file upload_16.cif (mmCIF, C-alpha atoms and all ligand atoms)
data_entry
#
loop_
_atom_site.label_atom_id
_atom_site.label_comp_id
_atom_site.auth_asym_id
_atom_site.auth_seq_id
_atom_site.Cartn_x
_atom_site.Cartn_y
_atom_site.Cartn_z
CA MET A 593 202.46 70.73 -53.07
CA THR A 594 203.34 74.22 -54.19
CA ARG A 595 203.74 77.24 -51.94
CA ILE A 596 201.63 80.23 -52.94
CA SER A 597 201.40 83.66 -51.43
CA LEU A 598 198.77 86.22 -52.40
CA ARG A 599 196.47 88.91 -51.09
CA VAL A 600 192.81 88.01 -50.78
CA ASP A 601 190.29 90.69 -49.88
CA GLY A 602 193.11 92.82 -48.54
CA GLN A 603 194.73 90.13 -46.40
CA GLN A 604 198.04 88.47 -47.13
CA VAL A 605 197.78 84.67 -47.15
CA ALA A 606 200.22 81.85 -47.88
CA ASP A 607 199.50 78.15 -48.29
CA ASP A 608 200.78 74.92 -49.71
CA VAL A 609 198.39 73.78 -52.43
CA GLU A 610 198.17 70.97 -54.90
CA PRO A 611 199.14 72.21 -58.36
CA ARG A 612 195.75 71.06 -59.69
CA MET A 613 193.71 72.96 -57.10
CA LEU A 614 191.38 75.52 -58.66
CA LEU A 615 191.32 79.06 -57.37
CA VAL A 616 187.63 78.70 -56.47
CA GLN A 617 188.42 75.61 -54.40
CA TYR A 618 191.26 77.44 -52.68
CA LEU A 619 189.03 80.40 -51.83
CA ARG A 620 186.19 78.25 -50.53
CA GLU A 621 187.94 75.28 -48.97
CA LYS A 622 191.17 76.79 -47.64
CA LEU A 623 190.07 80.34 -46.87
CA GLY A 624 186.37 79.75 -46.15
CA LYS A 625 185.34 82.38 -48.70
CA THR A 626 182.08 80.62 -49.47
CA GLY A 627 180.51 83.79 -50.86
CA THR A 628 182.17 82.76 -54.11
CA VAL A 629 180.07 79.88 -55.38
CA ILE A 630 180.30 77.06 -57.90
CA GLY A 631 177.33 76.81 -60.24
CA CYS A 632 178.62 74.49 -62.95
CA ASP A 633 181.49 72.28 -63.98
CA THR A 634 181.76 73.63 -67.49
CA SER A 635 183.06 77.20 -66.95
CA ASN A 636 179.75 78.54 -68.25
CA CYS A 637 177.80 80.04 -65.37
CA GLY A 638 180.08 82.78 -64.02
CA ALA A 639 178.86 82.27 -60.43
CA CYS A 640 182.50 81.88 -59.35
CA THR A 641 183.64 85.25 -60.75
CA VAL A 642 186.25 87.12 -58.70
CA HIS A 643 188.79 89.82 -59.52
CA LEU A 644 192.37 88.79 -60.18
CA ASN A 645 194.64 91.83 -60.21
CA GLY A 646 191.57 93.97 -60.76
CA ARG A 647 190.03 92.07 -63.67
CA SER A 648 187.16 89.61 -63.48
CA VAL A 649 187.95 85.95 -63.96
CA LYS A 650 185.98 82.77 -63.52
CA SER A 651 187.82 81.33 -60.56
CA CYS A 652 186.91 77.79 -61.60
CA ASN A 653 188.98 78.45 -64.68
CA VAL A 654 192.14 79.53 -62.87
CA LEU A 655 194.51 77.38 -60.88
CA ALA A 656 195.35 78.53 -57.37
CA VAL A 657 199.03 78.48 -58.31
CA GLN A 658 198.29 80.98 -61.09
CA ALA A 659 197.20 83.44 -58.41
CA ASP A 660 200.58 83.30 -56.69
CA GLY A 661 201.72 86.86 -56.05
CA ALA A 662 198.37 88.27 -57.16
CA GLU A 663 195.70 90.40 -55.59
CA VAL A 664 192.35 88.61 -55.47
CA THR A 665 189.08 90.27 -54.54
CA THR A 666 185.94 88.29 -53.86
CA ILE A 667 182.38 89.36 -53.17
CA GLU A 668 183.38 89.29 -49.48
CA GLY A 669 185.95 92.03 -50.00
CA ILE A 670 184.02 94.78 -51.73
CA ALA A 671 181.94 96.30 -48.92
CA GLY A 672 183.28 99.44 -47.28
CA GLU A 673 185.31 99.23 -44.09
CA ASP A 674 182.28 100.37 -42.16
CA GLY A 675 180.30 97.47 -43.63
CA ALA A 676 178.44 99.69 -46.09
CA LEU A 677 177.44 97.86 -49.25
CA HIS A 678 179.45 98.52 -52.40
CA PRO A 679 177.44 100.79 -54.74
CA VAL A 680 176.86 97.88 -57.13
CA GLN A 681 175.62 95.68 -54.27
CA GLU A 682 173.35 98.51 -53.23
CA ALA A 683 172.06 98.85 -56.79
CA PHE A 684 171.23 95.13 -56.98
CA ARG A 685 169.35 95.46 -53.69
CA GLU A 686 167.58 98.60 -54.78
CA CYS A 687 166.52 97.23 -58.19
CA HIS A 688 165.68 93.69 -57.03
CA GLY A 689 168.44 92.35 -59.27
CA LEU A 690 168.28 88.95 -57.64
CA GLN A 691 165.87 86.25 -56.60
CA CYS A 692 167.55 83.11 -55.23
CA GLY A 693 170.84 85.01 -55.13
CA PHE A 694 173.03 82.16 -56.32
CA CYS A 695 174.33 84.00 -59.39
CA THR A 696 174.58 87.31 -57.55
CA PRO A 697 178.19 87.24 -56.28
CA GLY A 698 179.45 86.55 -59.79
CA MET A 699 177.03 89.03 -61.37
CA ILE A 700 178.19 91.77 -59.04
CA MET A 701 181.89 91.08 -59.53
CA GLN A 702 181.41 91.01 -63.30
CA SER A 703 179.31 94.19 -63.19
CA ILE A 704 182.01 96.04 -61.25
CA ASP A 705 184.59 95.06 -63.86
CA LEU A 706 182.22 96.08 -66.64
CA LEU A 707 181.64 99.49 -65.05
CA ASN A 708 185.36 99.98 -64.47
CA ASP A 709 185.84 99.55 -68.21
CA ASN A 710 182.80 101.56 -69.22
CA PRO A 711 181.27 103.76 -66.50
CA SER A 712 178.29 104.61 -68.68
CA PRO A 713 177.35 101.47 -70.58
CA SER A 714 174.36 101.14 -72.88
CA GLU A 715 171.83 98.41 -72.16
CA GLU A 716 173.35 96.41 -75.00
CA ALA A 717 176.85 96.82 -73.54
CA ILE A 718 175.59 95.62 -70.16
CA ARG A 719 173.94 92.57 -71.66
CA LEU A 720 177.09 91.81 -73.65
CA GLY A 721 179.30 92.37 -70.61
CA LEU A 722 177.24 89.94 -68.55
CA GLU A 723 176.84 87.28 -71.22
CA GLY A 724 179.23 84.98 -69.39
CA ASN A 725 177.08 85.04 -66.25
CA LEU A 726 173.93 82.95 -66.16
CA CYS A 727 170.85 83.52 -64.02
CA ARG A 728 168.05 81.00 -63.78
CA CYS A 729 165.62 83.24 -61.93
CA THR A 730 165.38 86.85 -62.92
CA GLY A 731 165.14 86.95 -66.69
CA TYR A 732 168.03 89.44 -66.45
CA HIS A 733 165.85 92.55 -66.71
CA ASN A 734 166.38 93.73 -63.15
CA ILE A 735 170.04 92.79 -63.26
CA VAL A 736 170.49 95.10 -66.24
CA ARG A 737 168.50 97.79 -64.42
CA ALA A 738 170.73 97.37 -61.38
CA VAL A 739 173.86 97.94 -63.44
CA GLN A 740 172.22 100.97 -65.07
CA HIS A 741 171.30 102.21 -61.61
CA ALA A 742 174.86 101.77 -60.37
CA ALA A 743 176.09 103.66 -63.43
CA GLY A 744 173.61 106.43 -62.82
CA THR A 745 172.04 105.90 -66.22
CA THR A 746 168.51 105.24 -65.01
CA THR A 747 165.83 107.65 -63.98
CA GLU A 748 163.71 107.19 -60.85
CA SER A 749 161.19 105.18 -62.89
CA GLY A 750 163.90 102.82 -64.07
CA ALA A 751 163.82 103.96 -67.66
CA SER A 752 167.13 104.50 -69.41
CA ALA A 753 168.32 108.06 -69.19
S1 LIG B 801 181.42 77.65 -61.49
FE1 LIG B 801 182.82 78.82 -62.64
S2 LIG B 801 181.76 79.24 -64.47
FE2 LIG B 801 180.37 78.02 -63.36
S1 LIG B 802 168.90 85.03 -58.87
FE1 LIG B 802 168.73 82.85 -58.92
S2 LIG B 802 170.22 82.29 -60.39
FE2 LIG B 802 170.18 84.44 -60.53
#
call {"tool": "encode", "arguments": {"input": "upload_16.cif", "output": "structure tokens"}}
result
Amino acid sequence: MTRISLRVDGQQVADDVEPRMLLVQYLREKLGKTGTVIGCDTSNCGACTVHLNGRSVKSCNVLAVQADGAEVTTIEGIAGEDGALHPVQEAFRECHGLQCGFCTPGMIMQSIDLLNDNPSPSEEAIRLGLEGNLCRCTGYHNIVRAVQHAAGTTTESGASA
């Protein structure tokens, strides 16, 4: 077992973990952060995306021990203190950027990272930025619209500004 200490969604935590434990397992099984989900065993789907020191990572692709000393943010840590949805969450709600919702935590975490890098992305940049996140339901159109909406690059009708 290896001792790790990190901040998760603003709270300091410390645990003994097996060196082979994945960060996604640590978040879900040790901390109960089940908002971060596992959609594959091939590192393809992106459903497990969280922020590690402010950058998106697939948490099934990171060992818990690699997060020692880090700041991790999950989908459960992005709402405002008053419980208000994060603007990107609000945009997904507003634009119907989800159906079953399984991909949504990862999509939102990836979208936030994308918008941090490029606050005004083109449709192509959004599609490229989300290429590591798979959705089986939506056909992606409303997800792209949601990111455009969050960026303020859509008009009321949803057309690109
Ligand atoms: S569960 Fe991590 S990429 Fe699919
Ligand atoms: S909304 Fe169902 S997988 Fe994306």
call {"tool": "atom_distance", "arguments": {"input": "upload_16.cif", "atom1": "CA of Lys622 in chain A", "atom2": "CA of Gly693 in chain A"}}
result
23.2 Å
call {"tool": "atom_distance", "arguments": {"input": "upload_16.cif", "atom1": "CA of Ser712 in chain A", "atom2": "CA of Val642 in chain A"}}
result
21.7 Å
call {"tool": "closest_residue", "arguments": {"input": "upload_16.cif", "among": "A:Thr696, A:Asn645, A:Gln740, A:Gln681", "to": "ligand LIG 802 (chain B)", "atoms": "all atoms listed in the file"}}
result
A:Thr696
call {"tool": "atom_distance", "arguments": {"input": "upload_16.cif", "atom1": "CA of Val605 in chain A", "atom2": "CA of Val654 in chain A"}}
result
17.5 Å
call {"tool": "closest_residue", "arguments": {"input": "upload_16.cif", "among": "A:Glu715, A:Glu686, A:Glu668, A:Glu610", "to": "Gly624 in chain A", "atoms": "only C-alpha atoms"}}
result
A:Glu668
call {"tool": "residues_around", "arguments": {"input": "upload_16.cif", "residues": "Leu706 in chain A", "least_positions_apart": "6", "cutoff": "9 Å", "atoms": "all atoms listed in the file", "output": "PyMOL selection string"}}
result
chain A and resi 648+713+717-718+721-722
call {"tool": "residues_near_point", "arguments": {"input": "upload_16.cif", "point": "(189.5, 87.8, -62.5)", "cutoff": "10 Å", "atoms": "only C-alpha atoms", "output": "PyMOL selection string"}}
result
chain A and resi 640-651+653-654+659+663-666+701-702+705
call {"tool": "residues_near_ligand", "arguments": {"input": "upload_16.cif", "ligand": "ligand LIG 802 (chain B)", "cutoff": "7 Å", "atoms": "only C-alpha atoms and all ligand atoms", "output": "list in words"}}
result
Leu690, Gln691, Cys692, Gly693, Phe694, Cys695, Thr696, Leu726, Cys727, Arg728, Cys729 and Thr730 of chain A
call {"tool": "residues_near_ligand", "arguments": {"input": "upload_16.cif", "ligand": "ligand LIG 801 (chain B)", "cutoff": "6 Å", "atoms": "all atoms listed in the file", "output": "CSV table (one decimal) with C-alpha atoms, keeping the file's coordinate frame"}}
result
chain,number,residue,atom,x,y,z
A,630,ILE,CA,180.3,77.1,-57.9
A,631,GLY,CA,177.3,76.8,-60.2
A,632,CYS,CA,178.6,74.5,-63.0
A,633,ASP,CA,181.5,72.3,-64.0
A,635,SER,CA,183.1,77.2,-67.0
A,636,ASN,CA,179.8,78.5,-68.2
A,637,CYS,CA,177.8,80.0,-65.4
A,638,GLY,CA,180.1,82.8,-64.0
A,639,ALA,CA,178.9,82.3,-60.4
A,640,CYS,CA,182.5,81.9,-59.4
A,650,LYS,CA,186.0,82.8,-63.5
A,651,SER,CA,187.8,81.3,-60.6
A,652,CYS,CA,186.9,77.8,-61.6
call {"tool": "residues_near_point", "arguments": {"input": "upload_16.cif", "point": "(168.5, 98.7, -63.1)", "cutoff": "9 Å", "atoms": "only C-alpha atoms", "output": "ChimeraX atom specification"}}
result
/A:683-684,686-689,733-742,745-746,750-752
call {"tool": "axis_aligned_box", "arguments": {"input": "upload_16.cif", "around": "range 696-713 of chain A", "padding_each_side": "8 Å", "output": "AutoDock Vina command-line options"}}
result
--center_x 180.2 --center_y 95.6 --center_z -63.4 --size_x 27.3 --size_y 34.1 --size_z 30.3
call {"tool": "residues_around", "arguments": {"input": "upload_16.cif", "residues": "Asp607 in chain A", "least_positions_apart": "5", "cutoff": "9 Å", "atoms": "all atoms listed in the file", "output": "PDB file with C-alpha atoms, in the coordinates of the input"}}
result
ATOM      1  CA  THR A 594     203.340  74.220 -54.190  1.00  0.00           C
ATOM      2  CA  ARG A 595     203.740  77.240 -51.940  1.00  0.00           C
ATOM      3  CA  ILE A 596     201.630  80.230 -52.940  1.00  0.00           C
ATOM      4  CA  SER A 597     201.400  83.660 -51.430  1.00  0.00           C
ATOM      5  CA  LYS A 622     191.170  76.790 -47.640  1.00  0.00           C
TER       6      LYS A 622
END
call {"tool": "closest_residue", "arguments": {"input": "upload_16.cif", "among": "A:Leu598, A:Met699, A:Val657, A:Val680", "to": "Leu614 in chain A", "atoms": "all atoms listed in the file"}}
result
A:Val657
call {"tool": "residues_around", "arguments": {"input": "upload_16.cif", "residues": "Ile667 in chain A", "least_positions_apart": "3", "cutoff": "8 Å", "atoms": "only C-alpha atoms", "output": "ChimeraX atom specification"}}
result
/A:627-628,642,670,697-698,700-701
call {"tool": "closest_residue", "arguments": {"input": "upload_16.cif", "among": "A:Ala662, A:Val629, A:Leu623, A:Ala743", "to": "Leu707 in chain A", "atoms": "only C-alpha atoms"}}
result
A:Ala743
call {"tool": "residues_around", "arguments": {"input": "upload_16.cif", "residues": "Met593 in chain A", "least_positions_apart": "3", "cutoff": "8 Å", "atoms": "only C-alpha atoms", "output": "list in words"}}
result
Asp608, Val609, Glu610 and Pro611 of chain A
